[in-house]
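Structure file entry_15.csv (CSV, C-alpha atoms and all ligand atoms) follows.
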```
chain,number,residue,atom,x,y,z
A,3,MET,CA,56.4,45.9,20.6
A,4,PRO,CA,58.2,48.2,18.1
A,5,CYS,CA,61.0,46.9,16.0
A,6,LYS,CA,64.2,46.9,18.0
A,7,THR,CA,66.5,47.6,15.2
A,8,PRO,CA,65.4,49.0,11.9
A,9,TYR,CA,67.3,47.2,9.2
A,10,LYS,CA,68.1,48.0,5.6
A,11,ILE,CA,66.2,46.1,2.8
A,12,PHE,CA,67.9,46.2,-0.6
A,13,THR,CA,65.6,45.2,-3.5
A,14,GLY,CA,65.9,45.1,-7.3
A,15,GLU,CA,68.3,43.6,-9.8
A,16,ARG,CA,71.9,43.1,-9.0
A,17,VAL,CA,71.6,44.2,-5.3
A,18,LEU,CA,73.8,41.2,-4.4
A,19,ALA,CA,76.8,43.2,-5.7
A,20,THR,CA,76.4,45.5,-2.8
A,21,LEU,CA,76.6,42.7,-0.2
A,22,PRO,CA,80.4,42.3,0.1
A,23,LYS,CA,80.9,46.0,0.8
A,24,TRP,CA,78.1,45.9,3.4
A,25,ILE,CA,79.6,42.9,5.1
A,26,ASN,CA,83.2,44.3,5.0
A,27,GLN,CA,81.9,47.5,6.6
A,28,ASN,CA,79.7,46.0,9.2
A,29,TYR,CA,81.3,42.7,10.1
A,30,PRO,CA,85.0,42.9,9.0
A,31,SER,CA,86.3,40.5,11.6
A,32,TYR,CA,83.4,38.0,11.7
A,33,LYS,CA,83.4,34.5,10.3
A,34,ILE,CA,80.7,33.9,7.8
A,35,ALA,CA,78.4,30.9,7.8
A,36,ILE,CA,76.2,30.5,4.7
A,37,ILE,CA,73.1,28.3,5.3
A,38,LEU,CA,71.5,26.9,2.1
A,39,ASP,CA,69.4,24.0,0.9
A,40,SER,CA,70.3,21.5,-1.9
A,41,ASN,CA,68.3,23.4,-4.6
A,42,THR,CA,69.7,26.8,-3.7
A,43,LYS,CA,73.1,25.2,-3.9
A,44,LYS,CA,72.3,24.0,-7.4
A,45,PHE,CA,70.7,27.1,-8.8
A,46,CYS,CA,72.1,30.1,-6.9
A,47,LYS,CA,75.4,29.3,-5.1
A,48,LYS,CA,77.7,30.3,-7.9
A,49,HIS,CA,76.3,33.8,-7.9
A,50,LEU,CA,76.7,34.4,-4.2
A,51,GLU,CA,80.1,32.7,-4.1
A,52,LYS,CA,81.4,35.1,-6.8
A,53,ASN,CA,80.3,38.0,-4.7
A,54,LEU,CA,81.6,36.7,-1.4
A,55,ASN,CA,85.1,36.3,-3.0
A,56,LYS,CA,85.4,40.0,-2.2
A,57,CYS,CA,85.1,39.2,1.5
A,58,PRO,CA,88.4,38.0,3.1
A,59,GLN,CA,86.7,36.5,6.2
A,60,LYS,CA,86.6,32.7,6.9
A,61,LYS,CA,83.6,31.1,5.2
A,62,LEU,CA,81.7,27.9,5.8
A,63,TRP,CA,78.9,26.7,3.5
A,64,ILE,CA,76.3,24.5,5.3
A,65,GLU,CA,73.8,22.7,3.2
A,66,PHE,CA,70.7,20.7,4.1
A,67,LYS,CA,68.1,18.8,2.0
A,68,ALA,CA,65.5,21.1,0.5
A,69,GLY,CA,61.9,20.9,1.7
A,70,GLU,CA,59.5,21.9,4.5
A,71,LYS,CA,60.0,18.4,6.0
A,72,GLN,CA,63.5,19.6,7.0
A,73,LYS,CA,62.2,22.6,8.9
A,74,ASN,CA,62.7,21.0,12.3
A,75,LEU,CA,64.9,21.1,15.4
A,76,LYS,CA,67.0,18.2,14.1
A,77,THR,CA,68.2,20.3,11.1
A,78,VAL,CA,68.9,23.2,13.4
A,79,GLU,CA,71.0,20.9,15.7
A,80,GLU,CA,72.9,19.4,12.8
A,81,ILE,CA,73.8,22.9,11.4
A,82,CYS,CA,74.9,24.0,15.0
A,83,GLU,CA,77.2,20.9,15.2
A,84,LYS,CA,78.9,21.9,12.0
A,85,LEU,CA,79.5,25.4,13.4
A,86,PHE,CA,80.8,24.1,16.7
A,87,LYS,CA,83.2,21.7,14.9
A,88,ASN,CA,84.6,24.5,12.8
A,89,ASN,CA,85.1,26.8,15.9
A,90,PHE,CA,82.5,29.4,15.0
A,91,GLY,CA,81.9,31.5,18.0
A,92,ARG,CA,80.0,34.7,18.9
A,93,ASP,CA,81.8,36.4,16.0
A,94,THR,CA,79.7,34.6,13.5
A,95,LEU,CA,77.6,36.2,10.8
A,96,ILE,CA,74.9,33.9,9.5
A,97,LEU,CA,73.7,34.3,5.9
A,98,ALA,CA,70.3,32.8,5.4
A,99,PHE,CA,70.5,32.0,1.7
A,100,GLY,CA,67.3,30.5,0.1
A,101,GLY,CA,63.6,30.4,0.3
A,102,GLY,CA,61.3,30.7,3.4
A,103,VAL,CA,62.3,27.4,4.8
A,104,THR,CA,66.0,28.3,4.9
A,105,GLY,CA,65.2,31.8,6.2
A,106,ASP,CA,63.1,30.4,9.1
A,107,ILE,CA,65.7,27.7,10.0
A,108,ALA,CA,68.8,30.0,9.7
A,109,GLY,CA,67.1,32.9,11.4
A,110,PHE,CA,66.1,30.7,14.4
A,111,LEU,CA,69.5,29.2,14.5
A,112,ALA,CA,71.0,32.8,14.6
A,113,ALA,CA,68.6,33.6,17.5
A,114,ILE,CA,69.8,30.8,19.7
A,115,TYR,CA,73.4,30.1,18.6
A,116,MET,CA,75.7,31.4,21.4
A,117,ARG,CA,72.5,33.2,22.7
A,118,GLY,CA,72.3,35.1,19.5
A,119,VAL,CA,74.5,36.1,16.5
A,120,PRO,CA,73.8,38.5,13.7
A,121,PHE,CA,72.2,37.3,10.5
A,122,VAL,CA,71.4,38.5,7.0
A,123,GLN,CA,68.5,37.3,4.8
A,124,ILE,CA,69.3,36.7,1.2
A,125,PRO,CA,65.9,35.4,-0.2
A,126,THR,CA,66.0,33.5,-3.4
A,127,THR,CA,62.2,32.6,-3.8
A,128,LEU,CA,59.5,35.2,-4.5
A,129,LEU,CA,57.7,34.1,-1.3
A,130,ALA,CA,60.8,34.8,0.8
A,131,MET,CA,61.4,38.2,-0.9
A,132,VAL,CA,57.8,39.4,-0.4
A,133,ASP,CA,57.1,37.9,2.9
A,134,SER,CA,59.2,35.5,5.0
A,135,SER,CA,62.6,37.5,5.0
A,136,ILE,CA,60.8,40.5,6.4
A,137,GLY,CA,59.4,41.0,9.9
A,138,GLY,CA,61.7,38.9,12.1
A,139,LYS,CA,59.7,35.7,12.5
A,140,THR,CA,61.9,32.7,12.6
A,141,GLY,CA,61.2,29.1,13.7
A,142,VAL,CA,60.6,25.4,12.9
A,143,ASP,CA,57.7,23.0,12.7
A,144,THR,CA,57.0,20.2,15.2
A,145,SER,CA,54.9,17.1,14.9
A,146,PHE,CA,52.1,19.1,16.6
A,147,GLY,CA,52.0,21.9,14.0
A,148,LYS,CA,53.7,24.5,11.9
A,149,ASN,CA,56.1,27.1,13.3
A,150,LEU,CA,55.4,26.1,16.9
A,151,LEU,CA,59.0,26.7,18.0
A,152,GLY,CA,60.7,29.9,17.2
A,153,ALA,CA,61.8,33.4,18.0
A,154,PHE,CA,61.1,36.9,16.9
A,155,TYR,CA,64.6,37.8,15.7
A,156,GLU,CA,65.3,40.4,13.1
A,157,PRO,CA,68.0,40.2,10.5
A,158,LYS,CA,70.6,42.9,10.2
A,159,ALA,CA,69.8,43.4,6.5
A,160,VAL,CA,67.9,41.9,3.7
A,161,PHE,CA,69.3,41.6,0.1
A,162,ALA,CA,66.4,40.6,-2.2
A,163,ASP,CA,68.0,40.2,-5.7
A,164,MET,CA,65.4,39.7,-8.4
A,165,ASN,CA,68.0,37.9,-10.6
A,166,PHE,CA,67.6,34.8,-8.5
A,167,LEU,CA,64.0,34.5,-9.6
A,168,LYS,CA,65.1,33.5,-13.2
A,169,THR,CA,65.5,29.8,-12.1
A,170,LEU,CA,62.5,29.7,-9.9
A,171,PRO,CA,59.9,27.0,-11.1
A,172,LYS,CA,56.5,28.3,-12.1
A,173,LYS,CA,54.8,26.6,-9.0
A,174,GLU,CA,57.2,28.4,-6.6
A,175,TYR,CA,56.6,31.7,-8.4
A,176,GLU,CA,52.9,31.2,-8.0
A,177,ASN,CA,53.4,30.5,-4.3
A,178,GLY,CA,55.1,33.8,-3.8
A,179,LEU,CA,52.3,35.6,-5.7
A,180,VAL,CA,49.7,34.1,-3.4
A,181,GLU,CA,51.4,35.6,-0.4
A,182,SER,CA,51.5,39.0,-2.1
A,183,LEU,CA,47.9,38.7,-3.0
A,184,LYS,CA,47.1,37.9,0.6
A,185,MET,CA,48.6,41.2,1.7
A,186,PHE,CA,47.0,43.2,-1.2
A,187,ILE,CA,43.5,41.8,-0.6
A,188,SER,CA,43.6,42.2,3.1
A,189,MET,CA,45.3,45.6,3.2
A,190,ASP,CA,45.5,47.4,-0.1
A,191,LYS,CA,42.5,47.6,-2.4
A,192,LYS,CA,44.2,49.8,-5.0
A,193,ALA,CA,46.9,47.2,-5.4
A,194,VAL,CA,44.3,44.6,-6.1
A,195,SER,CA,42.8,46.7,-8.9
A,196,LYS,CA,46.3,47.2,-10.4
A,197,TRP,CA,46.9,43.5,-10.2
A,198,GLN,CA,43.6,42.7,-11.9
A,199,LYS,CA,44.5,45.0,-14.8
A,200,ASN,CA,48.0,43.6,-15.2
A,201,GLU,CA,47.4,39.9,-14.4
A,202,LYS,CA,48.7,38.5,-17.7
A,203,LYS,CA,51.9,40.4,-17.5
A,204,ILE,CA,52.4,39.5,-13.8
A,205,LEU,CA,52.1,35.8,-14.7
A,206,LYS,CA,54.8,36.3,-17.4
A,207,LYS,CA,57.2,37.7,-14.8
A,208,ASP,CA,57.1,41.3,-16.2
A,209,LYS,CA,60.2,42.9,-14.5
A,210,ASN,CA,58.6,46.2,-13.6
A,211,LEU,CA,55.5,44.7,-12.2
A,212,LEU,CA,57.5,42.1,-10.3
A,213,ASN,CA,59.6,45.0,-8.8
A,214,TRP,CA,56.3,46.7,-7.8
A,215,ILE,CA,54.9,43.6,-6.2
A,216,ILE,CA,58.1,43.0,-4.2
A,217,LYS,CA,58.4,46.6,-3.0
A,218,ASN,CA,54.7,47.0,-2.2
A,219,SER,CA,54.5,43.7,-0.4
A,220,ILE,CA,57.5,44.6,1.7
A,221,GLN,CA,56.0,48.1,2.5
A,222,LEU,CA,52.7,46.6,3.6
A,223,LYS,CA,54.4,44.0,5.7
A,224,GLN,CA,56.6,46.6,7.3
A,225,ASN,CA,53.6,48.8,8.0
A,226,VAL,CA,52.1,46.2,10.3
A,227,THR,CA,55.3,44.6,11.7
A,228,GLN,CA,57.2,47.7,12.7
A,229,ASP,CA,54.8,48.6,15.5
A,230,ASP,CA,53.8,45.1,16.5
A,231,LEU,CA,56.9,42.9,16.2
A,232,THR,CA,55.6,40.2,18.5
A,233,GLU,CA,52.1,40.0,17.1
A,234,ASN,CA,49.9,41.4,19.8
A,235,GLY,CA,47.6,43.2,17.5
A,236,LYS,CA,47.7,44.5,13.9
A,237,ARG,CA,50.4,42.1,12.7
A,238,SER,CA,47.9,39.2,13.0
A,239,VAL,CA,46.4,40.5,9.7
A,240,LEU,CA,49.2,38.7,7.9
A,241,ASN,CA,47.7,35.4,9.1
A,242,TRP,CA,44.7,35.8,6.9
A,243,GLY,CA,44.2,32.4,5.2
A,244,HIS,CA,46.8,30.8,7.4
A,245,SER,CA,44.5,29.3,10.1
A,246,VAL,CA,43.1,26.9,7.5
A,247,GLY,CA,46.2,27.0,5.3
A,248,HIS,CA,48.6,25.7,8.0
A,249,ALA,CA,46.3,22.9,8.8
A,250,LEU,CA,45.9,21.9,5.2
A,251,GLU,CA,49.7,22.0,4.7
A,252,LYS,CA,50.4,19.9,7.8
A,253,LEU,CA,47.8,17.3,7.0
A,254,SER,CA,49.0,16.9,3.4
A,255,LYS,CA,52.4,16.0,5.1
A,256,TYR,CA,53.8,19.0,3.3
A,257,THR,CA,53.1,17.8,-0.2
A,258,LEU,CA,50.8,20.8,-0.5
A,259,SER,CA,53.1,23.9,-0.8
A,260,HIS,CA,52.8,26.7,1.7
A,261,GLY,CA,51.5,29.3,-0.8
A,262,HIS,CA,49.0,26.9,-2.3
A,263,ALA,CA,47.7,25.9,1.1
A,264,VAL,CA,47.3,29.6,2.1
A,265,GLY,CA,45.5,30.3,-1.1
A,266,LEU,CA,42.9,27.6,-0.3
A,267,GLY,CA,42.8,29.0,3.2
A,268,MET,CA,42.0,32.5,1.9
A,269,ILE,CA,39.0,31.1,0.0
A,270,TRP,CA,37.7,28.9,2.9
A,271,GLU,CA,38.1,31.7,5.4
A,272,SER,CA,36.4,34.1,3.0
A,273,GLN,CA,33.4,31.7,2.9
A,274,ILE,CA,33.3,31.8,6.8
A,275,ALA,CA,33.3,35.6,6.6
A,276,ILE,CA,30.4,35.5,4.2
A,277,ASP,CA,28.5,33.1,6.4
A,278,LYS,CA,29.1,35.3,9.4
A,279,LYS,CA,27.8,38.3,7.3
A,280,TYR,CA,31.1,40.2,7.3
A,281,LEU,CA,31.8,39.9,3.6
A,282,GLY,CA,29.8,40.1,0.4
A,283,LYS,CA,29.7,37.2,-2.1
A,284,ASP,CA,31.2,39.3,-4.9
A,285,ALA,CA,34.5,39.7,-3.1
A,286,LEU,CA,34.9,35.9,-2.8
A,287,LYS,CA,34.2,35.6,-6.6
A,288,GLN,CA,37.0,38.0,-7.3
A,289,ILE,CA,39.4,36.3,-4.9
A,290,GLN,CA,38.7,32.9,-6.4
A,291,THR,CA,39.4,34.2,-9.9
A,292,LEU,CA,42.6,35.8,-8.9
A,293,LEU,CA,43.7,32.6,-7.1
A,294,LYS,CA,42.5,30.2,-9.9
A,295,ASN,CA,45.0,32.0,-12.2
A,296,LEU,CA,47.7,31.0,-9.8
A,297,GLU,CA,46.6,27.3,-10.0
A,298,VAL,CA,44.9,27.4,-6.6
A,299,ASN,CA,42.2,24.9,-7.3
A,300,LEU,CA,39.2,24.1,-5.1
A,301,GLU,CA,39.3,20.5,-6.4
A,302,GLU,CA,42.1,19.9,-3.9
A,303,LEU,CA,39.6,20.4,-1.0
A,304,LYS,CA,37.3,17.7,-2.3
A,305,ASN,CA,38.6,14.7,-0.4
A,306,ILE,CA,40.0,16.2,2.7
A,307,LYS,CA,39.0,15.2,6.3
A,308,VAL,CA,37.3,18.4,7.7
A,309,ASP,CA,37.3,17.1,11.3
A,310,ALA,CA,41.1,16.5,11.1
A,311,ILE,CA,41.6,20.0,9.7
A,312,ILE,CA,39.7,21.4,12.7
A,313,GLU,CA,41.6,19.3,15.2
A,314,THR,CA,44.9,20.7,13.7
A,315,MET,CA,43.6,24.2,13.7
A,316,LYS,CA,43.2,23.9,17.5
A,317,THR,CA,47.0,24.1,17.8
A,318,ASP,CA,47.2,27.5,16.0
A,319,LYS,CA,49.1,30.1,17.9
A,320,LYS,CA,46.3,32.8,17.5
A,321,ASN,CA,43.8,30.7,19.5
A,322,ARG,CA,42.7,32.0,22.9
A,323,ASN,CA,40.7,30.2,25.7
A,324,GLY,CA,40.3,27.1,23.6
A,325,ARG,CA,38.6,29.0,20.8
A,326,ILE,CA,39.8,29.0,17.2
A,327,LYS,CA,40.7,32.6,16.2
A,328,MET,CA,41.2,33.8,12.6
A,329,ILE,CA,41.3,36.9,10.5
A,330,MET,CA,38.0,37.9,8.8
A,331,LEU,CA,38.0,39.8,5.6
A,332,LYS,CA,35.4,42.7,5.6
A,333,LYS,CA,35.9,43.9,2.0
A,334,MET,CA,38.7,44.2,-0.5
A,335,GLY,CA,41.6,45.8,1.4
A,336,GLU,CA,40.1,45.6,4.8
A,337,THR,CA,39.8,43.1,7.7
A,338,VAL,CA,37.5,43.1,10.7
A,339,HIS,CA,38.9,44.5,14.0
A,340,ALA,CA,37.7,45.7,17.3
A,341,ARG,CA,40.1,48.0,19.1
A,342,ASN,CA,43.4,46.1,19.2
A,343,ASP,CA,41.9,42.7,18.4
A,344,TRP,CA,42.3,41.6,14.8
A,345,THR,CA,41.0,38.1,15.2
A,346,VAL,CA,37.5,36.7,15.3
A,347,THR,CA,36.3,33.4,16.8
A,348,ALA,CA,35.2,30.7,14.3
A,349,THR,CA,33.4,27.7,15.8
A,350,PRO,CA,34.1,24.2,14.5
A,351,GLN,CA,30.5,24.1,13.2
A,352,GLU,CA,31.0,27.4,11.3
A,353,ILE,CA,34.2,26.0,9.7
A,354,LYS,CA,32.4,22.9,8.7
A,355,THR,CA,29.4,24.7,7.3
A,356,ALA,CA,31.6,27.0,5.3
A,357,TYR,CA,33.4,24.0,3.8
A,358,LYS,CA,30.0,22.5,2.7
A,359,ASN,CA,28.8,25.8,1.3
A,360,LEU,CA,32.0,26.3,-0.6
A,361,LEU,CA,32.0,22.9,-2.2
A,362,HIS,CA,28.2,23.0,-2.8
A,363,ALA,CA,28.6,26.3,-4.7
A,364,ASN,CA,31.7,25.3,-6.7
A,365,LEU,CA,32.0,21.6,-7.3
A,401,LIG,P1,61.2,26.9,0.2
A,401,LIG,O1,62.3,27.6,1.0
A,401,LIG,O2,61.1,25.4,0.5
A,401,LIG,O3,61.5,27.1,-1.3
A,401,LIG,C1,60.8,26.5,-2.3
A,401,LIG,C2,61.6,25.6,-3.2
A,401,LIG,O4,62.4,26.5,-4.1
A,401,LIG,C3,62.7,24.8,-2.5
A,401,LIG,O5,62.8,23.6,-3.1
A,401,LIG,C4,64.0,25.6,-2.7
A,401,LIG,O6,65.1,24.8,-2.6
A,401,LIG,C5,63.7,26.1,-4.1
A,401,LIG,N1,64.5,27.3,-4.5
A,401,LIG,C6,64.8,28.4,-3.7
A,401,LIG,N2,65.4,29.4,-4.5
A,401,LIG,C7,65.4,28.9,-5.8
A,401,LIG,C8,65.8,29.5,-7.0
A,401,LIG,N3,66.2,30.8,-7.1
A,401,LIG,N4,65.6,28.8,-8.1
A,401,LIG,C9,65.1,27.5,-8.1
A,401,LIG,N5,64.7,26.9,-6.9
A,401,LIG,C10,64.8,27.6,-5.8
A,401,LIG,O7,59.8,27.5,0.4
A,401,LIG,P2,59.2,29.0,0.3
A,401,LIG,O8,58.0,28.9,-0.5
A,401,LIG,O9,60.3,30.0,-0.2
A,401,LIG,O10,58.8,29.4,1.8
A,401,LIG,C11,57.9,28.7,2.5
A,401,LIG,C12,58.2,28.7,4.0
A,401,LIG,O11,58.3,30.0,4.4
A,401,LIG,C13,57.3,27.9,4.9
A,401,LIG,O12,58.0,27.2,5.8
A,401,LIG,C14,56.5,29.0,5.6
A,401,LIG,O13,56.1,28.6,6.9
A,401,LIG,C15,57.6,30.1,5.7
A,401,LIG,N6,57.1,31.5,5.9
A,401,LIG,C16,57.6,32.2,6.9
A,401,LIG,C17,57.2,33.5,7.0
A,401,LIG,C18,57.9,34.3,8.1
A,401,LIG,O14,57.4,35.5,8.4
A,401,LIG,N7,59.0,33.9,8.7
A,401,LIG,C19,56.2,34.0,6.2
A,401,LIG,C20,55.7,33.3,5.2
A,401,LIG,C21,56.1,32.0,5.0
```
Produce structure tokens that represent the structure in this file.
Amino acid sequence: MPCKTPYKIFTGERVLATLPKWINQNYPSYKIAIILDSNTKKFCKKHLEKNLNKCPQKKLWIEFKAGEKQKNLKTVEEICEKLFKNNFGRDTLILAFGGGVTGDIAGFLAAIYMRGVPFVQIPTTLLAMVDSSIGGKTGVDTSFGKNLLGAFYEPKAVFADMNFLKTLPKKEYENGLVESLKMFISMDKKAVSKWQKNEKKILKKDKNLLNWIIKNSIQLKQNVTQDDLTENGKRSVLNWGHSVGHALEKLSKYTLSHGHAVGLGMIWESQIAIDKKYLGKDALKQIQTLLKNLEVNLEELKNIKVDAIIETMKTDKKNRNGRIKMIMLKKMGETVHARNDWTVTATPQEIKTAYKNLLHANL
């Protein structure tokens, strides 16, 4: 399904300064609800508050405790209650202000509040800038798995201001870089080469390179989401590394970060692709080197329970007819697909064997 409403994406430094004018032009008589977590409040609120002073509309700041553990229906319900108590009706504009967790929660809330109110993404982590604020996926986790409840609901605009990244901890910066790498390795070979040449500068948050990473990631994501909003085909490519990654993340009780888990998933799923003769060994070596520099370490796989990982993978949304489906890398910049099917079946035995092969070769 094509995107229903193409929306503007503002990226770069100081783009937040353009937000008040945009709100006043598009939503002059709306009330504004700003959803943010405890860390975004600490590090970023002042900056947004200063800009929003130029908006005369009624404002309500709604905060929740930071962390993936809060990405559930209870948090959504608590935020809704605050909106009801403050008489926020259909004329509400939601600002999703924070990382991917906030964007997913606030976007989902916007999709269901009064059967849908407009929302704007203001990402403050690199991961949210390059990935989660784009493409209209919103939702929450359940005890059965990640992102199992949600809606495809696009924002009215995205304001990705690089200035927010100044306070982002190294680990969170690396998480964002992993998601960018995921898109580059699976869809853009030239970008991988540029990354390899400039790796040291990227790790030091070089402004120009960071700007390039954000813009290129957004472009790649838009290329696959604009014709396939509800993920019936090409959009599935974005899930490379996520079949294993989501299971690792859930079984760690979310102590393993999303980016980190996806990085490990990219390596494990590449080994499955090698075993299934889709991918050459050299590609995996390159991927491992790139990810090792982002602190994605195979040691973390050493003591995991593979059977439990496979059980959790059985709840993945890509699965069909009881079979585990995942994205297979074919070579740098390309994944396997047959007509409109971008997923490949991986049996529990293949997943287990790949794990053994991976650990045998590396640890
Ligand atoms: P996050 O939202 O938990 O942010 C990471 C941490 O950084 C949090 O503690 C947050 O409070 C803090 N933080 C945010 N901005 C900061 C800043 N500027 N300075 C200092 N600290 C800051 O997690 P994330 O990594 O941004 O996103 C991961 C989530 O995104 C997962 O739930 C994942 O499922 C989801 N996701 C969604 C999509 C999508 O398409 N909707 C895509 C990828 C990932």
*Identify which of the residues A:Val239, A:Ile353, A:Leu365, A:Leu212 lies closest to A:Asp277, counting all atoms listed in the file when measuring atom-to-atom distances.*
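Result for the nearest residue to A:Asp277: A:Ile353.
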*Can you tell me, as a VMD selection string, which residues sit within 12 Å of (61.0, 45.6, 14.6) in the file's frame, using only C-alpha atoms?*
chain A and resid 3 to 10 136 to 139 154 to 158 223 to 233 237
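The residues sitting within 6 Å of ligand LIG 401 (chain A), with all atoms listed in the file considered, come out as Asp39, Asn41, Thr42, Phe45, Cys46, Ala68, Gly69, Glu70, Gly100, Gly101, Gly102, Val103, Thr104, Asp106, Thr126, Thr127, Leu129, Ala130, Asp133, Ser134, Lys139, Thr140, Phe166, Leu167, Thr169, Leu170, Glu174 and His260 of chain A.
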May I have the selected residues written with C-alpha atoms, as a compact mmCIF listing (two decimals), in the frame of the given file?
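This went into out.txt:
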```txt
# COMPACT_ATOMS: atom_id res chain seq x y z
CA ASP A 39 69.40 24.00 0.90
CA ASN A 41 68.30 23.40 -4.60
CA THR A 42 69.70 26.80 -3.70
CA PHE A 45 70.70 27.10 -8.80
CA CYS A 46 72.10 30.10 -6.90
CA ALA A 68 65.50 21.10 0.50
CA GLY A 69 61.90 20.90 1.70
CA GLU A 70 59.50 21.90 4.50
CA GLY A 100 67.30 30.50 0.10
CA GLY A 101 63.60 30.40 0.30
CA GLY A 102 61.30 30.70 3.40
CA VAL A 103 62.30 27.40 4.80
CA THR A 104 66.00 28.30 4.90
CA ASP A 106 63.10 30.40 9.10
CA THR A 126 66.00 33.50 -3.40
CA THR A 127 62.20 32.60 -3.80
CA LEU A 129 57.70 34.10 -1.30
CA ALA A 130 60.80 34.80 0.80
CA ASP A 133 57.10 37.90 2.90
CA SER A 134 59.20 35.50 5.00
CA LYS A 139 59.70 35.70 12.50
CA THR A 140 61.90 32.70 12.60
CA PHE A 166 67.60 34.80 -8.50
CA LEU A 167 64.00 34.50 -9.60
CA THR A 169 65.50 29.80 -12.10
CA LEU A 170 62.50 29.70 -9.90
CA GLU A 174 57.20 28.40 -6.60
CA HIS A 260 52.80 26.70 1.70
```
*For atom CA of A:His248 and atom CA of A:Lys148, determine how far apart the two atoms are, in Å to one decimal place.*
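Atom CA of A:His248 sits 6.5 Å away from atom CA of A:Lys148.
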*asked:* Could you list, as a list in words, every residue within 10 Å of stretch 289-292 of chain A, counting all atoms listed in the file and ignoring same-chain residues fewer than 6 positions away?
replied: Val180, Leu183, Lys184, Ile187, Val194, Trp197, Gln198, Glu201, Gly265, Leu266, Met268, Ile269, Ser272, Val298, Asn299, Leu300 and Met334 of chain A
*asked:* When you count all atoms listed in the file, which of these residues is closest to A:Ser182: A:Trp270, A:Glu302, A:Leu293, A:Ser254?
replied: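 Ranking A:Trp270, A:Glu302, A:Leu293, A:Ser254 by distance to A:Ser182, first place goes to A:Leu293.
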Only C-alpha atoms, as an mmCIF file, in the first residue's frame: that is what I want for stretch 179-192 of chain A.
```
data_model
loop_
_atom_site.group_PDB
_atom_site.id
_atom_site.type_symbol
_atom_site.label_atom_id
_atom_site.label_comp_id
_atom_site.auth_asym_id
_atom_site.auth_seq_id
_atom_site.Cartn_x
_atom_site.Cartn_y
_atom_site.Cartn_z
ATOM 1 C CA LEU A 179 24.799 3.440 13.836
ATOM 2 C CA VAL A 180 23.900 -0.272 13.860
ATOM 3 C CA GLU A 181 20.454 0.460 12.361
ATOM 4 C CA SER A 182 22.057 2.645 9.666
ATOM 5 C CA LEU A 183 24.573 -0.066 8.884
ATOM 6 C CA LYS A 184 21.701 -2.524 8.630
ATOM 7 C CA MET A 185 20.183 -0.410 5.845
ATOM 8 C CA PHE A 186 23.499 0.251 4.105
ATOM 9 C CA ILE A 187 24.636 -3.399 4.124
ATOM 10 C CA SER A 188 21.273 -4.693 2.932
ATOM 11 C CA MET A 189 20.565 -2.001 0.339
ATOM 12 C CA ASP A 190 23.504 0.250 -0.507
ATOM 13 C CA LYS A 191 26.927 -1.215 -1.228
ATOM 14 C CA LYS A 192 28.482 2.173 -2.066
#
```
